[in-house]
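Participant: Take this structure, written in structure tokens, and hold onto it; I'll ask about it next.
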Amino acid sequence: MSKPAGPGTDSDTADEAVRGTCDDASICKRFAVSAGYWKDPYIQYFVRQAKERKAPEINRGYYARVQGVHLLLKAFLRKTECNCQIINLGAGLDTTFWRLKDENLLPKKYFEVDFPAIVARKLYNIKSKPPLSKPIMETHSGESLLLDAHSLDSARYSIIGADLRNPKDMEEKLKKMSLDPQLPTLLVTECVLVYMTPEQSASLLQWATNTFTTAMFINYEQVNMMDRFGQIMVENLQRRQCNLAGVDACQSLESQTERLLSTGWESADAWNMMKVYSNLPQEDVMRIEKLEFLDEKELLEQLLLHYCISWATKDSLGLGLAGITF
């Protein structure tokens, strides 16, 4: 996934470095898919196969991330009976729309937002590869598709180029594509808020609670960043010009939930990925643990302890969203 850094003379370099994280995540996912960790027939159309093998602990980490987010997302779709909309903020080259269509779980509309440069690249892939464009056409009804260099609008899928640090501008673009503030709304961010200053991410979260009457927010990102292992992670990213402008909210699970509750969400929770991993369907976990021998068990544990999923809800329709968990 991808997203912003703060303003200033180095902001273009920083934004470029953050855009690079989109490639990293997609290449790691493609490798894990090719190794059999989960099924995703669409990622191959967005990203090339990795030149070198990814370590087993990286593959398991991505497995936990993808399965964990998908589990909460599907719980939201069940609670709303798919009478809802999903907004993937900083979506990168994510394939969730296509996979949900295959599972007959599409919401009324699925929106994606990312940097214009990433959106342009994604649109190029969609336009030039029938396995990506056909599902969009199959779910489209009515007039012709709206398509330009940085956006596409169809009946069930829309993608726009926008900056999450400017929620007002983003909202205007989304409303042109039939965003419905009255519809139950799921917002998803993965390794996105950490690249925004605390003020910028608070403003985005506050925008969400001000805009939607019934909503859920799912956020996957770093946690426990103040210990030695966390500091090494920060230093590694800084070496690549990736400034974690929002690292303060990643100090603990408490700081993650506090950020959500302080921006108007009614209920919030956060689990580190170690806990998420041990609460995933264990039959499938046993299957993937047989795929590769894991030498570095302690390293996997450290990685899982330094990422988390936090989620929050506000539920004016009384759908029971606060009860969603793993």
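Identifiers for the structure tokens are assigned positionally: chains receive A, B, ... in sequence, residues are indexed from 1 per chain, and ligands are indexed from 1 in the order shown.
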Please, which residues in range 242-317 of chain A fall within 6 Å of range 200-214 of chain A when counting only C-alpha atoms, and what is the closest atom pair and distance in Å to one decimal for each, ordered by chain then residue number, as CSV?

Facilitator:
```
residue,atom,partner,partner_atom,distance
A:Thr263,CA,A:Gln206,CA,4.9
A:Gly264,CA,A:Thr209,CA,5.9
A:Lys314,CA,A:Thr214,CA,5.4
A:Asp315,CA,A:Thr214,CA,4.6
A:Ser316,CA,A:Thr214,CA,5.4
```

Participant: Put those residues in a file: N, CA and C atoms, as an mmCIF file, in the first residue's frame.

Facilitator:
```cif
data_model
loop_
_atom_site.group_PDB
_atom_site.id
_atom_site.type_symbol
_atom_site.label_atom_id
_atom_site.label_comp_id
_atom_site.auth_asym_id
_atom_site.auth_seq_id
_atom_site.Cartn_x
_atom_site.Cartn_y
_atom_site.Cartn_z
ATOM 1 N N THR A 263 -11.202 10.602 17.431
ATOM 2 C CA THR A 263 -11.667 11.253 16.197
ATOM 3 C C THR A 263 -13.133 10.912 15.911
ATOM 4 N N GLY A 264 -13.864 10.531 16.953
ATOM 5 C CA GLY A 264 -15.314 10.412 16.807
ATOM 6 C C GLY A 264 -15.870 9.017 16.589
ATOM 7 N N LYS A 314 -18.942 3.100 14.012
ATOM 8 C CA LYS A 314 -20.046 3.927 14.501
ATOM 9 C C LYS A 314 -21.287 3.387 13.811
ATOM 10 N N ASP A 315 -22.356 3.230 14.567
ATOM 11 C CA ASP A 315 -23.439 2.360 14.106
ATOM 12 C C ASP A 315 -24.814 2.962 14.356
ATOM 13 N N SER A 316 -25.152 4.031 13.616
ATOM 14 C CA SER A 316 -26.451 4.678 13.846
ATOM 15 C C SER A 316 -27.619 3.794 13.405
#
```

Participant: Taking 2 positions as the minimum chain separation for residues in the same chain, which residues sit within 10 Å of Tyr45 in chain A when counting only C-alpha atoms? Answer as an mmCIF file with N, CA, C and O atoms, in the first residue's frame.

Facilitator:
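Wrote it out as around-v5.cif, contents follow:
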```cif
data_model
loop_
_atom_site.group_PDB
_atom_site.id
_atom_site.type_symbol
_atom_site.label_atom_id
_atom_site.label_comp_id
_atom_site.auth_asym_id
_atom_site.auth_seq_id
_atom_site.Cartn_x
_atom_site.Cartn_y
_atom_site.Cartn_z
ATOM 1 N N ARG A 30 2.537 -11.212 -4.432
ATOM 2 C CA ARG A 30 2.572 -12.088 -5.612
ATOM 3 C C ARG A 30 3.418 -13.332 -5.315
ATOM 4 O O ARG A 30 3.057 -14.440 -5.704
ATOM 5 N N PRO A 41 -5.952 -14.871 -8.277
ATOM 6 C CA PRO A 41 -5.622 -15.004 -9.696
ATOM 7 C C PRO A 41 -5.373 -13.669 -10.393
ATOM 8 O O PRO A 41 -5.019 -13.644 -11.573
ATOM 9 N N TYR A 42 -5.530 -12.551 -9.679
ATOM 10 C CA TYR A 42 -5.466 -11.231 -10.328
ATOM 11 C C TYR A 42 -4.147 -10.487 -10.119
ATOM 12 O O TYR A 42 -3.782 -9.644 -10.923
ATOM 13 N N ILE A 43 -3.438 -10.821 -9.064
ATOM 14 C CA ILE A 43 -2.235 -10.035 -8.736
ATOM 15 C C ILE A 43 -1.175 -10.145 -9.836
ATOM 16 O O ILE A 43 -0.408 -9.213 -10.073
ATOM 17 N N VAL A 47 1.656 -7.036 -11.189
ATOM 18 C CA VAL A 47 3.052 -6.976 -10.743
ATOM 19 C C VAL A 47 3.807 -8.219 -11.207
ATOM 20 O O VAL A 47 3.242 -9.314 -11.272
ATOM 21 N N ARG A 48 5.077 -8.036 -11.535
ATOM 22 C CA ARG A 48 5.901 -9.153 -12.007
ATOM 23 C C ARG A 48 6.255 -10.087 -10.841
ATOM 24 O O ARG A 48 6.190 -9.703 -9.679
ATOM 25 N N LEU A 93 -2.003 -1.537 -5.567
ATOM 26 C CA LEU A 93 -2.388 -2.482 -6.626
ATOM 27 C C LEU A 93 -3.265 -3.594 -6.056
ATOM 28 O O LEU A 93 -3.251 -4.728 -6.521
ATOM 29 N N THR A 95 -6.247 -6.115 -5.058
ATOM 30 C CA THR A 95 -7.144 -6.869 -5.957
ATOM 31 C C THR A 95 -8.471 -7.245 -5.299
ATOM 32 O O THR A 95 -9.198 -8.094 -5.822
ATOM 33 N N LYS A 122 -2.335 1.655 -12.440
ATOM 34 C CA LYS A 122 -3.353 0.614 -12.240
ATOM 35 C C LYS A 122 -4.358 0.628 -13.398
ATOM 36 O O LYS A 122 -4.754 -0.425 -13.901
ATOM 37 N N ASN A 125 -3.053 -1.094 -16.459
ATOM 38 C CA ASN A 125 -3.181 -2.558 -16.344
ATOM 39 C C ASN A 125 -4.614 -3.011 -16.568
ATOM 40 O O ASN A 125 -4.865 -4.005 -17.248
ATOM 41 N N ILE A 126 -5.563 -2.285 -15.975
ATOM 42 C CA ILE A 126 -6.977 -2.654 -16.118
ATOM 43 C C ILE A 126 -7.400 -2.587 -17.589
ATOM 44 O O ILE A 126 -8.038 -3.501 -18.114
ATOM 45 N N SER A 128 -5.560 -2.715 -20.298
ATOM 46 C CA SER A 128 -4.829 -3.571 -21.248
ATOM 47 C C SER A 128 -4.971 -5.066 -20.948
ATOM 48 O O SER A 128 -4.510 -5.894 -21.729
ATOM 49 N N LYS A 129 -5.632 -5.419 -19.833
ATOM 50 C CA LYS A 129 -5.705 -6.838 -19.467
ATOM 51 C C LYS A 129 -7.164 -7.263 -19.253
ATOM 52 O O LYS A 129 -7.776 -6.925 -18.235
ATOM 53 N N PRO A 130 -7.722 -8.017 -20.207
ATOM 54 C CA PRO A 130 -9.132 -8.427 -20.142
ATOM 55 C C PRO A 130 -9.571 -9.096 -18.826
ATOM 56 O O PRO A 130 -10.676 -8.835 -18.369
ATOM 57 N N PRO A 131 -8.719 -9.937 -18.185
ATOM 58 C CA PRO A 131 -9.178 -10.520 -16.916
ATOM 59 C C PRO A 131 -9.475 -9.460 -15.837
ATOM 60 O O PRO A 131 -10.197 -9.735 -14.884
ATOM 61 N N LEU A 132 -8.905 -8.248 -15.994
ATOM 62 C CA LEU A 132 -9.198 -7.156 -15.059
ATOM 63 C C LEU A 132 -10.369 -6.304 -15.557
ATOM 64 O O LEU A 132 -11.226 -5.892 -14.768
#
```

Participant: Give me the residues within 9 Å of Thr139 in chain A as a compact mmCIF listing (two decimals) with N, CA, C and O atoms, in the first residue's frame, counting only C-alpha atoms and dropping any in the same chain fewer than 5 places off.

Facilitator:
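Okay, selection-v2.txt is ready:
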```txt
# COMPACT_ATOMS: atom_id res chain seq x y z
N LYS A 101 -15.84 -10.07 -6.18
CA LYS A 101 -16.77 -10.40 -7.27
C LYS A 101 -16.82 -11.92 -7.46
O LYS A 101 -17.90 -12.50 -7.61
N LYS A 134 -12.81 -7.12 -17.80
CA LYS A 134 -14.08 -7.83 -18.00
C LYS A 134 -14.98 -7.80 -16.77
O LYS A 134 -16.17 -7.49 -16.87
N SER A 154 -17.36 3.24 -12.83
CA SER A 154 -18.34 2.30 -13.38
C SER A 154 -19.43 2.10 -12.32
O SER A 154 -19.36 2.69 -11.24
N ALA A 155 -20.41 1.26 -12.61
CA ALA A 155 -21.54 1.09 -11.68
C ALA A 155 -21.09 0.56 -10.32
O ALA A 155 -21.60 0.98 -9.29
N ARG A 156 -20.11 -0.35 -10.31
CA ARG A 156 -19.75 -1.01 -9.04
C ARG A 156 -18.31 -0.75 -8.58
O ARG A 156 -17.96 -1.08 -7.46
N TYR A 157 -17.48 -0.21 -9.49
CA TYR A 157 -16.07 0.01 -9.15
C TYR A 157 -15.64 1.40 -9.63
O TYR A 157 -15.88 1.78 -10.76
```

Participant: Can you pull out every residue within 9 Å of Leu186 in chain A, counting only C-alpha atoms, but drop anything in the same chain fewer than 4 positions away, and send it as an mmCIF file with C-alpha atoms, in the first residue's frame?

Facilitator:
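And here's around_16.cif as it stands now:
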```cif
data_model
loop_
_atom_site.group_PDB
_atom_site.id
_atom_site.type_symbol
_atom_site.label_atom_id
_atom_site.label_comp_id
_atom_site.auth_asym_id
_atom_site.auth_seq_id
_atom_site.Cartn_x
_atom_site.Cartn_y
_atom_site.Cartn_z
ATOM 1 C CA LEU A 73 -14.105 -7.002 5.733
ATOM 2 C CA PHE A 76 -18.847 -6.157 7.679
ATOM 3 C CA LEU A 77 -20.333 -7.384 4.380
ATOM 4 C CA CYS A 84 -22.893 -0.968 1.697
ATOM 5 C CA GLN A 85 -19.906 0.706 0.066
ATOM 6 C CA ILE A 86 -16.179 0.103 0.595
ATOM 7 C CA ILE A 87 -13.482 2.778 0.253
ATOM 8 C CA ASN A 88 -9.927 1.467 0.071
ATOM 9 C CA THR A 214 -22.852 4.150 9.863
ATOM 10 C CA ALA A 215 -19.273 3.109 9.243
ATOM 11 C CA MET A 216 -16.315 0.889 10.069
ATOM 12 C CA PHE A 217 -12.612 1.670 9.730
ATOM 13 C CA ILE A 218 -9.962 -1.069 9.377
#
```

Participant: Can you pull out every residue within 12 Å of Arg65 in chain A, counting only C-alpha atoms, but drop anything in the same chain fewer than 2 positions away, and send it as a VMD selection string?

Facilitator: chain A and resid 1 25 28 to 29 32 37 to 38 58 to 63 67 to 72 189 to 191 218 to 222 271 to 277 280 303 to 304 307 to 310

Participant: With only C-alpha atoms as the counted atoms, please give the residues lying no more than 12 Å from Arg121 in chain A, apart from itself and same-chain residues fewer than 5 positions off, as a VMD selection string.

Facilitator: chain A and resid 19 22 to 23 45 to 47 92 to 93 114 to 116 126 to 128 149 to 151 159 to 161

Participant: Could you check how far CA of Ala14 in chain A sits from CA of Ala245 in chain A, in Å to one decimal?

Facilitator: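 Atom-to-atom, CA of Ala14 in chain A to CA of Ala245 in chain A, that is 10.2 Å.
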
Participant: Residues of range 18-249 of chain A in alpha helix (DSSP H) according to DSSP, as a PyMOL selection string?

Facilitator: chain A and resi 18-34+56-80+96-102+116-128+130-138+167-176+198-211+228-239

Participant: Just asking: which residues within range 74-240 of chain A are strand (DSSP E or B) according to DSSP, as a ChimeraX atom specification?

Facilitator: /A:85-89,109-114,146-148,151-153,157-161,185-190,214-222

Participant: Go through A:Leu105, A:Gly246, A:Ser144, A:Asp163 and flag the residue nearest Thr197 in chain A, using only C-alpha atoms for the distances.

Facilitator: A:Gly246

Participant: Mind giving me the straight-line distance from CA of Ile288 in chain A to CA of Ala64 in chain A in Å, one decimal?

Facilitator: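 A separation of 10.6 Å between them.
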